[in-house]
$ cat entry_7.tsv   # TSV, C-alpha atoms
chain	number	residue	atom	x	y	z
A	164	MET	CA	7.30	7.01	18.32
A	165	LYS	CA	3.57	7.21	17.74
A	166	PRO	CA	2.77	9.83	15.07
A	167	ASP	CA	0.33	12.54	16.13
A	168	PHE	CA	-2.62	12.20	13.79
A	169	ALA	CA	-4.88	14.01	16.26
A	170	GLN	CA	-3.54	17.27	14.84
A	171	TYR	CA	-5.32	16.37	11.60
A	172	GLY	CA	-8.61	15.59	13.30
A	173	PHE	CA	-8.17	11.87	13.99
A	174	CYS	CA	-10.12	11.10	17.16
A	175	HIS	CA	-8.91	7.56	17.92
A	176	GLN	CA	-5.26	8.26	18.61
A	177	GLU	CA	-5.09	5.80	21.50
A	178	ASN	CA	-6.49	3.05	19.26
A	179	LEU	CA	-3.77	3.38	16.59
A	180	ILE	CA	-1.99	0.03	16.20
A	181	MET	CA	0.57	0.72	13.43
A	182	ALA	CA	1.78	3.39	11.03
A	183	TYR	CA	4.34	3.74	8.26
A	184	ILE	CA	5.39	6.19	5.57
A	185	GLY	CA	4.35	4.78	2.22
A	186	GLY	CA	4.55	5.94	-1.37
A	187	SER	CA	7.92	6.39	-3.02
A	188	GLN	CA	9.73	6.33	0.34
A	189	ALA	CA	8.47	2.82	1.11
A	190	HIS	CA	9.28	1.63	-2.41
A	191	GLY	CA	12.77	3.14	-2.21
A	192	ALA	CA	12.13	5.24	-5.31
A	193	LYS	CA	11.98	8.68	-3.73
A	194	VAL	CA	13.77	11.28	-5.87
A	195	GLY	CA	15.17	14.22	-3.92
A	196	GLU	CA	12.53	16.34	-2.22
A	197	THR	CA	9.93	16.07	-4.97
A	198	ASP	CA	7.36	13.87	-3.19
A	199	ASP	CA	4.88	14.54	-0.43
A	200	THR	CA	4.75	12.45	2.76
A	201	ASP	CA	2.19	9.64	2.64
A	202	TRP	CA	1.25	8.25	6.04
A	203	TYR	CA	-0.62	4.96	6.25
A	204	GLY	CA	-1.84	3.23	9.37
A	205	LEU	CA	-4.38	1.03	11.10
A	206	TYR	CA	-6.57	1.46	14.14
A	207	VAL	CA	-9.19	-0.48	16.05
A	208	PRO	CA	-12.20	1.74	16.78
A	209	PRO	CA	-14.01	1.41	20.11
A	210	PRO	CA	-16.61	-1.40	20.25
A	211	ASN	CA	-19.60	0.86	19.55
A	212	LYS	CA	-18.01	1.91	16.24
A	213	VAL	CA	-17.64	-1.73	15.21
A	214	LEU	CA	-20.71	-3.38	16.69
A	215	GLY	CA	-23.15	-0.47	16.68
A	216	LEU	CA	-25.11	1.38	14.03
A	217	GLU	CA	-22.60	4.18	13.47
A	218	ARG	CA	-19.65	2.38	11.95
A	219	GLU	CA	-16.53	3.74	10.35
A	220	GLU	CA	-13.96	2.28	8.00
A	221	HIS	CA	-11.23	4.86	7.54
A	222	PHE	CA	-9.84	8.32	8.21
A	223	VAL	CA	-8.26	10.42	5.46
A	224	PHE	CA	-6.65	13.84	5.50
A	225	THR	CA	-4.49	15.84	3.13
A	226	THR	CA	-2.79	19.21	3.09
A	227	GLY	CA	-2.41	19.02	-0.72
A	228	GLY	CA	-4.79	21.36	-2.49
A	229	LYS	CA	-4.78	23.71	0.47
A	230	LEU	CA	-1.33	24.75	-0.60
A	231	GLY	CA	-2.10	24.63	-4.31
A	232	GLY	CA	-0.57	21.26	-5.12
A	233	ASN	CA	0.90	18.08	-3.73
A	234	GLY	CA	4.55	18.86	-3.13
A	235	PRO	CA	7.28	18.00	-0.62
A	236	SER	CA	5.71	20.10	2.14
A	237	ASP	CA	2.36	18.30	1.90
A	238	VAL	CA	1.14	15.44	4.06
A	239	ASP	CA	-1.42	12.78	3.16
A	240	VAL	CA	-2.87	10.55	5.88
A	241	CYS	CA	-4.83	7.36	5.20
A	242	LEU	CA	-5.81	5.27	8.22
A	243	TYR	CA	-7.96	2.14	7.92
A	244	THR	CA	-9.79	0.22	10.60
A	245	LEU	CA	-8.25	-3.20	11.08
A	246	ILE	CA	-11.37	-4.88	9.68
A	247	LYS	CA	-11.48	-2.70	6.56
A	248	TRP	CA	-7.80	-3.30	5.89
A	249	ALA	CA	-8.10	-7.06	6.39
A	250	GLY	CA	-10.92	-7.23	3.86
A	251	LEU	CA	-8.81	-5.41	1.27
A	252	ALA	CA	-5.72	-7.51	1.98
A	253	ALA	CA	-7.68	-10.76	1.74
A	254	LYS	CA	-8.76	-9.72	-1.77
A	255	GLY	CA	-5.14	-9.07	-2.78
A	256	ASN	CA	-5.26	-5.29	-2.87
A	257	PRO	CA	-1.62	-4.32	-3.57
A	258	SER	CA	-1.62	-1.23	-1.35
A	259	ALA	CA	-3.20	-3.15	1.54
A	260	LEU	CA	-0.67	-5.99	1.32
A	261	HIS	CA	2.16	-3.45	1.67
A	262	PHE	CA	1.09	-2.99	5.31
A	263	LEU	CA	2.41	-6.49	6.05
A	264	PHE	CA	5.90	-5.81	4.70
A	265	ALA	CA	6.65	-2.07	4.98
A	266	PRO	CA	9.24	-0.69	7.44
A	267	LEU	CA	7.17	0.68	10.32
A	268	GLU	CA	7.40	4.01	12.09
A	269	PHE	CA	5.09	2.79	14.86
A	270	THR	CA	3.76	-0.60	15.92
A	271	THR	CA	2.02	-2.35	18.81
A	272	ASP	CA	1.57	-5.88	20.15
A	273	THR	CA	-1.86	-5.90	18.48
A	274	TRP	CA	-0.40	-5.36	15.04
A	275	GLU	CA	2.52	-7.71	15.66
A	276	ARG	CA	0.06	-10.52	16.33
A	277	VAL	CA	-1.54	-9.88	12.93
A	278	ALA	CA	1.72	-9.29	11.04
A	279	ALA	CA	3.10	-12.56	12.42
A	280	ARG	CA	0.55	-14.38	10.23
A	281	PRO	CA	1.07	-12.85	6.75
A	282	GLU	CA	0.36	-16.19	5.10
A	283	LEU	CA	-3.31	-15.88	6.08
A	284	PHE	CA	-3.72	-12.96	3.70
A	285	LEU	CA	-1.87	-14.38	0.67
A	286	ALA	CA	-3.09	-16.51	-2.25
A	287	LYS	CA	-2.22	-17.33	-5.85
A	288	GLY	CA	-5.18	-15.34	-7.12
A	289	HIS	CA	-3.65	-12.14	-5.75
A	290	VAL	CA	-1.55	-11.84	-8.90
A	291	LYS	CA	-4.66	-10.57	-10.68
A	292	PRO	CA	-5.10	-7.33	-8.65
A	293	PHE	CA	-1.40	-6.53	-9.05
A	294	LEU	CA	-1.44	-7.03	-12.81
A	295	GLY	CA	-4.72	-5.14	-13.07
A	296	PHE	CA	-3.26	-2.19	-11.16
A	297	ALA	CA	-0.13	-2.25	-13.34
A	298	ASP	CA	-2.25	-2.36	-16.50
A	299	ASP	CA	-4.28	0.59	-15.23
A	300	GLN	CA	-1.10	2.59	-14.67
A	301	MET	CA	0.16	1.65	-18.14
A	302	LYS	CA	-3.07	2.84	-19.75
A	303	ARG	CA	-2.79	6.13	-17.90
A	304	LEU	CA	0.83	6.38	-18.97
A	305	LEU	CA	-0.21	5.90	-22.61
A	306	GLY	CA	-3.14	8.31	-22.34
A	307	GLN	CA	-5.65	5.52	-22.89
A	308	LYS	CA	-7.40	6.09	-19.56
A	309	GLY	CA	-8.14	9.07	-17.36
A	310	GLN	CA	-7.87	12.75	-18.04
A	311	LYS	CA	-4.79	14.19	-19.67
A	312	ASN	CA	-4.35	16.74	-16.89
A	313	VAL	CA	-3.73	14.04	-14.27
A	314	HIS	CA	-0.29	13.52	-15.80
A	315	ARG	CA	2.64	15.38	-14.32
A	316	ALA	CA	3.25	18.00	-17.00
A	317	GLU	CA	6.80	18.74	-15.90
A	318	LEU	CA	7.77	15.08	-16.38
A	319	GLU	CA	6.12	14.88	-19.78
A	320	GLU	CA	7.88	18.02	-20.91
A	321	LEU	CA	11.25	16.74	-19.71
A	322	HIS	CA	11.04	13.09	-20.75
A	323	GLY	CA	8.15	12.85	-23.22
A	324	TYR	CA	6.00	10.78	-20.85
A	325	ASP	CA	5.04	10.59	-17.17
A	326	THR	CA	8.00	8.69	-15.73
A	327	LYS	CA	6.38	8.28	-12.32
A	328	TYR	CA	3.54	6.27	-13.86
A	329	ALA	CA	6.21	4.21	-15.65
A	330	MET	CA	8.01	3.52	-12.38
A	331	HIS	CA	4.80	2.26	-10.77
A	332	VAL	CA	4.10	-0.03	-13.72
A	333	ILE	CA	7.47	-1.77	-13.40
A	334	ARG	CA	7.29	-1.81	-9.60
A	335	LEU	CA	3.89	-3.52	-9.57
A	336	TYR	CA	4.87	-6.22	-12.04
A	337	GLY	CA	7.98	-6.93	-9.98
A	338	GLU	CA	5.99	-7.09	-6.75
A	339	ALA	CA	3.51	-9.52	-8.33
A	340	LYS	CA	6.31	-11.85	-9.38
A	341	GLU	CA	8.03	-11.78	-5.98
A	342	LEU	CA	4.76	-12.35	-4.14
A	343	MET	CA	4.00	-15.42	-6.22
A	344	GLU	CA	7.53	-16.81	-5.89
A	345	ASN	CA	8.32	-16.06	-2.26
A	346	GLY	CA	5.08	-15.12	-0.50
A	347	ARG	CA	6.34	-11.67	0.40
A	348	ILE	CA	7.01	-8.18	-0.98
A	349	THR	CA	10.40	-6.68	-0.19
A	350	LEU	CA	10.19	-3.01	0.81
A	351	PRO	CA	12.11	-0.97	-0.14
A	352	ARG	CA	12.21	-2.73	-3.51
A	353	PRO	CA	15.39	-4.69	-4.35
A	354	ASN	CA	15.49	-2.91	-7.73
A	355	ARG	CA	15.01	0.54	-6.23
A	356	ASP	CA	18.03	1.90	-8.10
A	357	GLU	CA	16.41	0.88	-11.38
A	358	LEU	CA	13.09	2.40	-10.31
A	359	ILE	CA	14.82	5.70	-9.58
A	360	GLU	CA	16.47	5.59	-13.00
A	361	ILE	CA	13.06	5.03	-14.57
A	362	ARG	CA	11.75	8.10	-12.75
A	363	LYS	CA	14.71	10.03	-14.11
A	364	GLY	CA	13.80	9.02	-17.68
A	365	LYS	CA	16.53	6.48	-18.43
A	366	TYR	CA	14.30	4.40	-20.73
A	367	SER	CA	12.17	5.24	-23.73
A	368	LEU	CA	8.43	4.68	-23.55
A	369	ALA	CA	8.77	1.73	-25.94
A	370	GLU	CA	11.39	0.17	-23.64
A	371	ILE	CA	9.08	0.59	-20.64
A	372	GLN	CA	6.27	-1.15	-22.55
A	373	GLU	CA	8.54	-4.05	-23.51
A	374	LEU	CA	9.91	-4.42	-19.98
A	375	GLY	CA	6.36	-4.38	-18.62
A	376	ARG	CA	5.27	-7.13	-21.02
A	377	GLN	CA	8.21	-9.32	-20.03
A	378	LEU	CA	7.60	-8.85	-16.30
A	379	GLU	CA	3.90	-9.65	-16.73
A	380	ILE	CA	4.80	-12.94	-18.44
A	381	GLU	CA	7.20	-13.78	-15.61
A	382	ALA	CA	4.61	-12.96	-12.93
A	383	LEU	CA	2.01	-15.21	-14.56
A	384	ALA	CA	4.57	-18.01	-14.90
A	385	ALA	CA	5.43	-17.63	-11.21
A	386	GLN	CA	1.75	-17.97	-10.33
A	387	THR	CA	1.53	-21.44	-11.87
A	388	SER	CA	4.25	-22.81	-9.58
A	389	SER	CA	3.56	-20.59	-6.56
A	390	PRO	CA	3.67	-22.18	-3.08
A	391	LEU	CA	0.78	-19.95	-2.03
A	392	PRO	CA	-2.67	-21.49	-1.44
A	393	ASP	CA	-5.36	-21.13	-4.08
A	394	ARG	CA	-7.43	-18.89	-1.80
A	395	VAL	CA	-7.26	-17.28	1.62
A	396	ASP	CA	-8.83	-18.87	4.70
A	397	ARG	CA	-11.42	-16.25	5.58
A	398	LEU	CA	-12.49	-18.08	8.75
A	399	ALA	CA	-8.92	-18.08	10.08
A	400	ILE	CA	-8.63	-14.35	9.31
A	401	SER	CA	-11.92	-13.66	11.07
A	402	ASN	CA	-10.81	-15.60	14.14
A	403	LEU	CA	-7.54	-13.67	14.28
A	404	LEU	CA	-9.30	-10.31	13.93
A	405	THR	CA	-11.77	-11.23	16.66
A	406	ASP	CA	-9.04	-12.30	19.08
A	407	VAL	CA	-6.81	-9.25	18.67
A	408	GLN	CA	-9.67	-6.74	18.84
A	409	LEU	CA	-11.19	-8.29	21.95
A	410	GLN	CA	-7.80	-8.28	23.64
A	411	LEU	CA	-7.16	-4.64	22.77
A	412	TRP	CA	-10.60	-3.51	23.92
A	413	ASN	CA	-10.07	-5.36	27.18
A	414	GLU	CA	-6.69	-3.70	27.70
A	415	LEU	CA	-8.07	-0.24	26.97
A	416	SER	CA	-11.03	-0.71	29.31
A	417	LEU	CA	-8.77	-1.81	32.16
A	418	GLY	CA	-6.40	1.09	31.64
A	419	PRO	CA	-2.84	1.28	33.00
A	420	ASP	CA	-1.96	-0.71	36.12

$ encode --input "entry_7.tsv" --output "structure tokens"
Amino acid sequence: MKPDFAQYGFCHQENLIMAYIGGSQAHGAKVGETDDTDWYGLYVPPPNKVLGLEREEHFVFTTGGKLGGNGPSDVDVCLYTLIKWAGLAAKGNPSALHFLFAPLEFTTDTWERVAARPELFLAKGHVKPFLGFADDQMKRLLGQKGQKNVHRAELEELHGYDTKYAMHVIRLYGEAKELMENGRITLPRPNRDELIEIRKGKYSLAEIQELGRQLEIEALAAQTSSPLPDRVDRLAISNLLTDVQLQLWNELSLGPD
């Protein structure tokens, strides 16, 4: 069923081509009712918003903050235009690549034509963004980057460190390795039980650091023998985007039979 993002102010509801619930639910590492609901999706704006002067790249909305936090009753919405998403995916952005592999709540023929060609968006060099993102999370975990108050105080008090950051570190290293080895990212994660245990504080901070170092070594080793191409074929991606957008615009202009 198509989610109703119009209630949040999204004005291109008919142009939505896919949507899924991301975050911990997509990873399989959701713990009880502690997390908010993160909606992600893609849409194709009308031609004048792509070809004209007034262009747009995304729509974002959140109820967090309005209710004094970001808890289980909150909803975050992040919708990208197909072109914006494709640019991010072609660069190896980890969050963007999840769109190709996540269990979907809503899809269309337009998105299925794109998702049927995941290999166009994958390359050996994509290991770098994954490892960079994991390193960023590790530095935040260790207090080497960012403000102290961005940590989840309740987790630090209970476990001595922010276990959710730790979970993301291990998840990202694992995703990098799988992507290099198999050209895909399994969602929910195959090691979701372990990720949940990490969130619950099973390991010490030193153990998380050591596990992260080992997974980074394995991901880099997988890159050297990866079956993925050295770089993405940007022309092939552009041709695919052109074809699917023109077809959708034609269908919308004709309307129902």

$ closest_residue --input "entry_7.tsv" --among "A:Leu321, A:Leu283, A:Ala169, A:Leu411" --to "Pro210 in chain A" --atoms "all atoms listed in the file"
A:Leu411

$ atom_distance --input "entry_7.tsv" --atom1 "CA of Lys363 in chain A" --atom2 "CA of Gly185 in chain A"
20.0 Å

$ atom_distance --input "entry_7.tsv" --atom1 "CA of Asp239 in chain A" --atom2 "CA of Tyr203 in chain A"
8.4 Å

$ residues_around --input "entry_7.tsv" --residues "Glu381 in chain A" --least-positions-apart "5" --cutoff "12 Å" --atoms "only C-alpha atoms" --output "list of chain:residue names"
A:Val290, A:Leu294, A:Tyr336, A:Gly337, A:Glu338, A:Ala339, A:Lys340, A:Glu341, A:Leu342, A:Met343, A:Glu344, A:Leu374, A:Gly375, A:Arg376, A:Gln386, A:Thr387, A:Ser388, A:Ser389

$ residues_around --input "entry_7.tsv" --residues "Met181 in chain A" --least-positions-apart "5" --cutoff "12 Å" --atoms "all atoms listed in the file" --output "PDB file with C-alpha atoms, in the coordinates of the input"
ATOM      1  CA  MET A 164       7.300   7.010  18.320  1.00  0.00           C
ATOM      2  CA  LYS A 165       3.570   7.210  17.740  1.00  0.00           C
ATOM      3  CA  PRO A 166       2.770   9.830  15.070  1.00  0.00           C
ATOM      4  CA  PHE A 168      -2.620  12.200  13.790  1.00  0.00           C
ATOM      5  CA  GLN A 176      -5.260   8.260  18.610  1.00  0.00           C
ATOM      6  CA  TRP A 202       1.250   8.250   6.040  1.00  0.00           C
ATOM      7  CA  TYR A 203      -0.620   4.960   6.250  1.00  0.00           C
ATOM      8  CA  GLY A 204      -1.840   3.230   9.370  1.00  0.00           C
ATOM      9  CA  LEU A 205      -4.380   1.030  11.100  1.00  0.00           C
ATOM     10  CA  TYR A 206      -6.570   1.460  14.140  1.00  0.00           C
ATOM     11  CA  VAL A 207      -9.190  -0.480  16.050  1.00  0.00           C
ATOM     12  CA  CYS A 241      -4.830   7.360   5.200  1.00  0.00           C
ATOM     13  CA  LEU A 242      -5.810   5.270   8.220  1.00  0.00           C
ATOM     14  CA  TYR A 243      -7.960   2.140   7.920  1.00  0.00           C
ATOM     15  CA  THR A 244      -9.790   0.220  10.600  1.00  0.00           C
ATOM     16  CA  LEU A 245      -8.250  -3.200  11.080  1.00  0.00           C
ATOM     17  CA  TRP A 248      -7.800  -3.300   5.890  1.00  0.00           C
ATOM     18  CA  PHE A 262       1.090  -2.990   5.310  1.00  0.00           C
ATOM     19  CA  LEU A 263       2.410  -6.490   6.050  1.00  0.00           C
ATOM     20  CA  ALA A 265       6.650  -2.070   4.980  1.00  0.00           C
ATOM     21  CA  PRO A 266       9.240  -0.690   7.440  1.00  0.00           C
ATOM     22  CA  LEU A 267       7.170   0.680  10.320  1.00  0.00           C
ATOM     23  CA  GLU A 268       7.400   4.010  12.090  1.00  0.00           C
ATOM     24  CA  PHE A 269       5.090   2.790  14.860  1.00  0.00           C
ATOM     25  CA  THR A 270       3.760  -0.600  15.920  1.00  0.00           C
ATOM     26  CA  THR A 271       2.020  -2.350  18.810  1.00  0.00           C
ATOM     27  CA  ASP A 272       1.570  -5.880  20.150  1.00  0.00           C
ATOM     28  CA  THR A 273      -1.860  -5.900  18.480  1.00  0.00           C
ATOM     29  CA  TRP A 274      -0.400  -5.360  15.040  1.00  0.00           C
ATOM     30  CA  GLU A 275       2.520  -7.710  15.660  1.00  0.00           C
ATOM     31  CA  ARG A 276       0.060 -10.520  16.330  1.00  0.00           C
ATOM     32  CA  VAL A 277      -1.540  -9.880  12.930  1.00  0.00           C
ATOM     33  CA  ALA A 278       1.720  -9.290  11.040  1.00  0.00           C
TER      34      ALA A 278
END

$ atom_distance --input "entry_7.tsv" --atom1 "CA of Ile184 in chain A" --atom2 "CA of Asp201 in chain A"
5.5 Å

$ closest_residue --input "entry_7.tsv" --among "A:Leu409, A:Glu357, A:Ala329, A:Thr226" --to "Gln170 in chain A" --atoms "only C-alpha atoms"
A:Thr226

$ closest_residue --input "entry_7.tsv" --among "A:Glu360, A:Glu414, A:Asp393, A:Glu373" --to "Ala192 in chain A" --atoms "only C-alpha atoms"
A:Glu360

$ closest_residue --input "entry_7.tsv" --among "A:Val332, A:Asn413, A:Gln188, A:Pro281" --to "Arg303 in chain A" --atoms "all atoms listed in the file"
A:Val332

$ closest_residue --input "entry_7.tsv" --among "A:Ala385, A:Val223, A:Ala399, A:Leu305" --to "Leu368 in chain A" --atoms "only C-alpha atoms"
A:Leu305
